[in-house]
file coords.pdb (PDB, C-alpha atoms, pLDDT in the B column)
ATOM      1  CA  MET A   1      23.133  12.342  37.543  1.00 90.00           C
ATOM      2  CA  PRO A   2      19.450  13.109  38.048  1.00 97.00           C
ATOM      3  CA  GLU A   3      17.864  15.087  35.223  1.00 98.00           C
ATOM      4  CA  ILE A   4      14.468  16.729  35.558  1.00 98.00           C
ATOM      5  CA  VAL A   5      12.505  18.159  32.630  1.00 98.00           C
ATOM      6  CA  VAL A   6       9.670  20.623  33.217  1.00 98.00           C
ATOM      7  CA  TYR A   7       7.209  21.295  30.399  1.00 97.00           C
ATOM      8  CA  ALA A   8       5.456  24.662  30.631  1.00 97.00           C
ATOM      9  CA  VAL A   9       3.608  27.184  28.526  1.00 96.00           C
ATOM     10  CA  GLU A  10       5.766  30.200  27.734  1.00 95.00           C
ATOM     11  CA  GLY A  11       5.274  33.441  29.620  1.00 95.00           C
ATOM     12  CA  ARG A  12       7.083  33.112  32.938  1.00 97.00           C
ATOM     13  CA  SER A  13       9.891  35.501  33.766  1.00 98.00           C
ATOM     14  CA  ASN A  14      13.519  34.457  33.987  1.00 98.00           C
ATOM     15  CA  GLU A  15      13.329  35.121  37.744  1.00 98.00           C
ATOM     16  CA  GLN A  16      10.400  32.692  38.122  1.00 98.00           C
ATOM     17  CA  LYS A  17      12.187  30.002  36.116  1.00 98.00           C
ATOM     18  CA  LYS A  18      15.404  30.481  38.084  1.00 98.00           C
ATOM     19  CA  LYS A  19      13.476  30.150  41.360  1.00 98.00           C
ATOM     20  CA  LEU A  20      11.791  26.950  40.148  1.00 98.00           C
ATOM     21  CA  MET A  21      15.080  25.406  39.025  1.00 98.00           C
ATOM     22  CA  LYS A  22      16.686  26.200  42.378  1.00 98.00           C
ATOM     23  CA  LYS A  23      13.814  24.677  44.375  1.00 98.00           C
ATOM     24  CA  ILE A  24      13.711  21.553  42.210  1.00 98.00           C
ATOM     25  CA  THR A  25      17.466  21.156  42.648  1.00 98.00           C
ATOM     26  CA  GLU A  26      17.113  21.483  46.426  1.00 98.00           C
ATOM     27  CA  ALA A  27      14.367  18.838  46.473  1.00 98.00           C
ATOM     28  CA  VAL A  28      16.443  16.385  44.433  1.00 98.00           C
ATOM     29  CA  VAL A  29      19.511  16.974  46.611  1.00 98.00           C
ATOM     30  CA  ASP A  30      17.436  16.295  49.714  1.00 98.00           C
ATOM     31  CA  SER A  31      15.587  13.264  48.314  1.00 98.00           C
ATOM     32  CA  PHE A  32      18.359  11.557  46.337  1.00 98.00           C
ATOM     33  CA  GLU A  33      21.232  12.638  48.581  1.00 97.00           C
ATOM     34  CA  VAL A  34      23.393  13.895  45.710  1.00 98.00           C
ATOM     35  CA  ASP A  35      25.432  17.066  45.285  1.00 98.00           C
ATOM     36  CA  ALA A  36      23.620  20.007  43.675  1.00 98.00           C
ATOM     37  CA  GLU A  37      26.251  20.062  40.922  1.00 98.00           C
ATOM     38  CA  ARG A  38      25.017  16.649  39.790  1.00 98.00           C
ATOM     39  CA  VAL A  39      21.401  17.791  39.253  1.00 98.00           C
ATOM     40  CA  VAL A  40      20.301  18.978  35.801  1.00 98.00           C
ATOM     41  CA  VAL A  41      17.005  20.839  35.396  1.00 98.00           C
ATOM     42  CA  SER A  42      15.602  21.837  31.994  1.00 98.00           C
ATOM     43  CA  ILE A  43      12.519  23.911  31.268  1.00 98.00           C
ATOM     44  CA  VAL A  44      10.940  23.247  27.887  1.00 98.00           C
ATOM     45  CA  GLU A  45       8.589  26.061  26.929  1.00 98.00           C
ATOM     46  CA  THR A  46       5.754  25.740  24.445  1.00 97.00           C
ATOM     47  CA  LYS A  47       3.983  28.589  22.668  1.00 97.00           C
ATOM     48  CA  LYS A  48       0.417  29.042  23.877  1.00 96.00           C
ATOM     49  CA  SER A  49      -0.859  28.398  20.360  1.00 96.00           C
ATOM     50  CA  ASN A  50       0.905  25.004  20.310  1.00 97.00           C
ATOM     51  CA  LYS A  51      -0.629  23.600  23.488  1.00 96.00           C
ATOM     52  CA  SER A  52      -4.247  22.857  24.311  1.00 96.00           C
ATOM     53  CA  ARG A  53      -6.497  21.717  27.120  1.00 95.00           C
ATOM     54  CA  GLY A  54      -9.735  20.001  26.193  1.00 96.00           C
ATOM     55  CA  GLY A  55      -8.972  20.634  22.537  1.00 96.00           C
ATOM     56  CA  VAL A  56      -8.819  24.406  23.000  1.00 97.00           C
ATOM     57  CA  PRO A  57      -5.452  26.113  22.420  1.00 96.00           C
ATOM     58  CA  PHE A  58      -4.097  27.934  25.468  1.00 95.00           C
ATOM     59  CA  ASP A  59      -4.061  31.237  23.572  1.00 95.00           C
ATOM     60  CA  GLU A  60      -7.866  30.927  23.227  1.00 96.00           C
ATOM     61  CA  LEU A  61      -8.597  30.023  26.858  1.00 92.00           C
TER
END

call {"tool": "encode", "arguments": {"input": "coords.pdb", "output": "structure tokens"}}
result
Amino acid sequence: MPEIVVYAVEGRSNEQKKKLMKKITEAVVDSFEVDAERVVVSIVETKKSNKSRGGVPFDEL
């Protein structure tokens, strides 16, 4: 079973995450030719203070 993990900074709505998971599932079904029920998608959210770009935490950008 294909499993996809998405890492993202917290702050998106449940509706946005649901939409993303659905679209990723559709892409995997189309590309790998598997049933949607076989596809697992996880979103791992990180607090803005625990992630940085260029050494600057996201909550300071």

call {"tool": "residues_around", "arguments": {"input": "coords.pdb", "residues": "Leu20 (chain A)", "least_positions_apart": "6", "cutoff": "10 Å", "atoms": "all atoms listed in the file", "output": "PDB file with C-alpha atoms, keeping the file's coordinate frame"}}
result
ATOM      1  CA  VAL A   6       9.670  20.623  33.217  1.00 98.00           C
ATOM      2  CA  ASN A  14      13.519  34.457  33.987  1.00 98.00           C
ATOM      3  CA  GLU A  26      17.113  21.483  46.426  1.00 98.00           C
ATOM      4  CA  VAL A  41      17.005  20.839  35.396  1.00 98.00           C
ATOM      5  CA  ILE A  43      12.519  23.911  31.268  1.00 98.00           C
TER       6      ILE A  43
END

call {"tool": "resolve_selection", "arguments": {"input": "coords.pdb", "expression": "the PyMOL selection byres ((chain A and resi 1) around 10)", "output": "PyMOL selection string"}}
result
chain A and resi 2-4+34-40

call {"tool": "closest_residue", "arguments": {"input": "coords.pdb", "among": "A:Glu33, A:Glu15, A:Glu10, A:Glu60", "to": "Glu45 (chain A)", "atoms": "all atoms listed in the file"}}
result
A:Glu10

call {"tool": "atom_distance", "arguments": {"input": "coords.pdb", "atom1": "CA of Thr46 (chain A)", "atom2": "CA of Ile24 (chain A)"}}
result
19.9 Å

call {"tool": "closest_residue", "arguments": {"input": "coords.pdb", "among": "A:Lys18, A:Val5, A:Ala27, A:Leu61", "to": "Lys48 (chain A)", "atoms": "all atoms listed in the file"}}
result
A:Leu61

call {"tool": "residues_around", "arguments": {"input": "coords.pdb", "residues": "Lys51 (chain A)", "least_positions_apart": "6", "cutoff": "10 Å", "atoms": "all atoms listed in the file", "output": "PDB file with C-alpha atoms, in the coordinates of the input"}}
result
ATOM      1  CA  ALA A   8       5.456  24.662  30.631  1.00 97.00           C
ATOM      2  CA  VAL A   9       3.608  27.184  28.526  1.00 96.00           C
ATOM      3  CA  PRO A  57      -5.452  26.113  22.420  1.00 96.00           C
ATOM      4  CA  PHE A  58      -4.097  27.934  25.468  1.00 95.00           C
ATOM      5  CA  ASP A  59      -4.061  31.237  23.572  1.00 95.00           C
TER       6      ASP A  59
END

call {"tool": "atom_distance", "arguments": {"input": "coords.pdb", "atom1": "CA of Ser31 (chain A)", "atom2": "CA of Gly11 (chain A)"}}
result
29.4 Å

call {"tool": "atom_distance", "arguments": {"input": "coords.pdb", "atom1": "CA of Val56 (chain A)", "atom2": "CA of Lys17 (chain A)"}}
result
25.4 Å

call {"tool": "closest_residue", "arguments": {"input": "coords.pdb", "among": "A:Gly55, A:Asp30, A:Lys22, A:Lys47", "to": "Tyr7 (chain A)", "atoms": "only C-alpha atoms"}}
result
A:Lys47

call {"tool": "decode", "arguments": {"input": "coords.pdb", "residues": "region 18-45 of chain A", "atoms": "N, CA, C and O atoms", "output": "short mmCIF file (atom, residue, chain, number, x, y, z; two decimals), in the first residue's frame"}}
result
data_model
loop_
_atom_site.label_atom_id
_atom_site.label_comp_id
_atom_site.auth_asym_id
_atom_site.auth_seq_id
_atom_site.Cartn_x
_atom_site.Cartn_y
_atom_site.Cartn_z
N LYS A 18 -8.05 18.25 4.27
CA LYS A 18 -8.89 17.22 3.66
C LYS A 18 -8.80 17.29 2.14
O LYS A 18 -8.68 16.26 1.46
N LYS A 19 -8.82 18.50 1.59
CA LYS A 19 -8.70 18.69 0.14
C LYS A 19 -7.36 18.16 -0.37
O LYS A 19 -7.29 17.47 -1.39
N LEU A 20 -6.28 18.47 0.35
CA LEU A 20 -4.95 18.01 -0.03
C LEU A 20 -4.88 16.48 -0.02
O LEU A 20 -4.39 15.86 -0.96
N MET A 21 -5.39 15.87 1.05
CA MET A 21 -5.35 14.42 1.15
C MET A 21 -6.13 13.75 0.02
O MET A 21 -5.69 12.74 -0.54
N LYS A 22 -7.26 14.33 -0.34
CA LYS A 22 -8.07 13.78 -1.43
C LYS A 22 -7.31 13.87 -2.75
O LYS A 22 -7.26 12.91 -3.53
N LYS A 23 -6.72 15.02 -3.03
CA LYS A 23 -6.00 15.21 -4.30
C LYS A 23 -4.75 14.33 -4.39
O LYS A 23 -4.43 13.80 -5.44
N ILE A 24 -4.05 14.17 -3.27
CA ILE A 24 -2.88 13.28 -3.27
C ILE A 24 -3.34 11.85 -3.53
O ILE A 24 -2.73 11.13 -4.32
N THR A 25 -4.41 11.44 -2.88
CA THR A 25 -4.94 10.09 -3.09
C THR A 25 -5.29 9.88 -4.56
O THR A 25 -4.94 8.86 -5.15
N GLU A 26 -5.96 10.84 -5.17
CA GLU A 26 -6.33 10.74 -6.58
C GLU A 26 -5.10 10.60 -7.47
O GLU A 26 -5.09 9.81 -8.41
N ALA A 27 -4.05 11.36 -7.16
CA ALA A 27 -2.82 11.29 -7.96
C ALA A 27 -2.14 9.93 -7.83
O ALA A 27 -1.65 9.38 -8.82
N VAL A 28 -2.14 9.37 -6.63
CA VAL A 28 -1.51 8.06 -6.43
C VAL A 28 -2.33 6.97 -7.12
O VAL A 28 -1.78 6.08 -7.77
N VAL A 29 -3.64 7.06 -7.02
CA VAL A 29 -4.52 6.09 -7.70
C VAL A 29 -4.26 6.12 -9.20
O VAL A 29 -4.11 5.08 -9.85
N ASP A 30 -4.16 7.30 -9.76
CA ASP A 30 -3.93 7.45 -11.19
C ASP A 30 -2.53 6.98 -11.59
O ASP A 30 -2.36 6.29 -12.59
N SER A 31 -1.53 7.32 -10.83
CA SER A 31 -0.14 7.00 -11.17
C SER A 31 0.25 5.55 -10.89
O SER A 31 0.95 4.92 -11.67
N PHE A 32 -0.20 5.03 -9.75
CA PHE A 32 0.20 3.68 -9.34
C PHE A 32 -0.83 2.62 -9.69
O PHE A 32 -0.60 1.44 -9.48
N GLU A 33 -1.99 3.07 -10.17
CA GLU A 33 -3.07 2.17 -10.55
C GLU A 33 -3.46 1.24 -9.40
O GLU A 33 -3.50 0.01 -9.54
N VAL A 34 -3.74 1.83 -8.26
CA VAL A 34 -4.22 1.10 -7.08
C VAL A 34 -5.56 1.68 -6.66
O VAL A 34 -5.93 2.78 -7.06
N ASP A 35 -6.29 0.93 -5.85
CA ASP A 35 -7.56 1.41 -5.32
C ASP A 35 -7.31 2.50 -4.28
O ASP A 35 -6.33 2.43 -3.52
N ALA A 36 -8.20 3.47 -4.21
CA ALA A 36 -8.07 4.57 -3.25
C ALA A 36 -7.98 4.07 -1.82
O ALA A 36 -7.27 4.65 -0.99
N GLU A 37 -8.66 2.96 -1.53
CA GLU A 37 -8.65 2.41 -0.18
C GLU A 37 -7.28 1.90 0.24
O GLU A 37 -7.03 1.67 1.42
N ARG A 38 -6.39 1.73 -0.70
CA ARG A 38 -5.04 1.24 -0.41
C ARG A 38 -4.07 2.38 -0.09
O ARG A 38 -2.96 2.16 0.37
N VAL A 39 -4.46 3.62 -0.37
CA VAL A 39 -3.57 4.78 -0.23
C VAL A 39 -3.71 5.39 1.16
O VAL A 39 -4.82 5.70 1.61
N VAL A 40 -2.58 5.58 1.83
CA VAL A 40 -2.55 6.22 3.15
C VAL A 40 -1.82 7.55 3.02
O VAL A 40 -0.73 7.61 2.47
N VAL A 41 -2.45 8.61 3.50
CA VAL A 41 -1.84 9.94 3.48
C VAL A 41 -1.82 10.47 4.92
O VAL A 41 -2.84 10.44 5.60
N SER A 42 -0.67 10.92 5.37
CA SER A 42 -0.53 11.51 6.70
C SER A 42 0.03 12.92 6.56
O SER A 42 0.92 13.16 5.76
N ILE A 43 -0.51 13.82 7.37
CA ILE A 43 0.02 15.18 7.44
C ILE A 43 0.64 15.35 8.83
O ILE A 43 -0.04 15.19 9.84
N VAL A 44 1.93 15.65 8.84
CA VAL A 44 2.64 15.88 10.09
C VAL A 44 2.85 17.38 10.22
O VAL A 44 3.53 18.00 9.40
N GLU A 45 2.23 17.96 11.23
CA GLU A 45 2.31 19.41 11.41
C GLU A 45 3.36 19.77 12.47
O GLU A 45 3.50 19.09 13.47
#
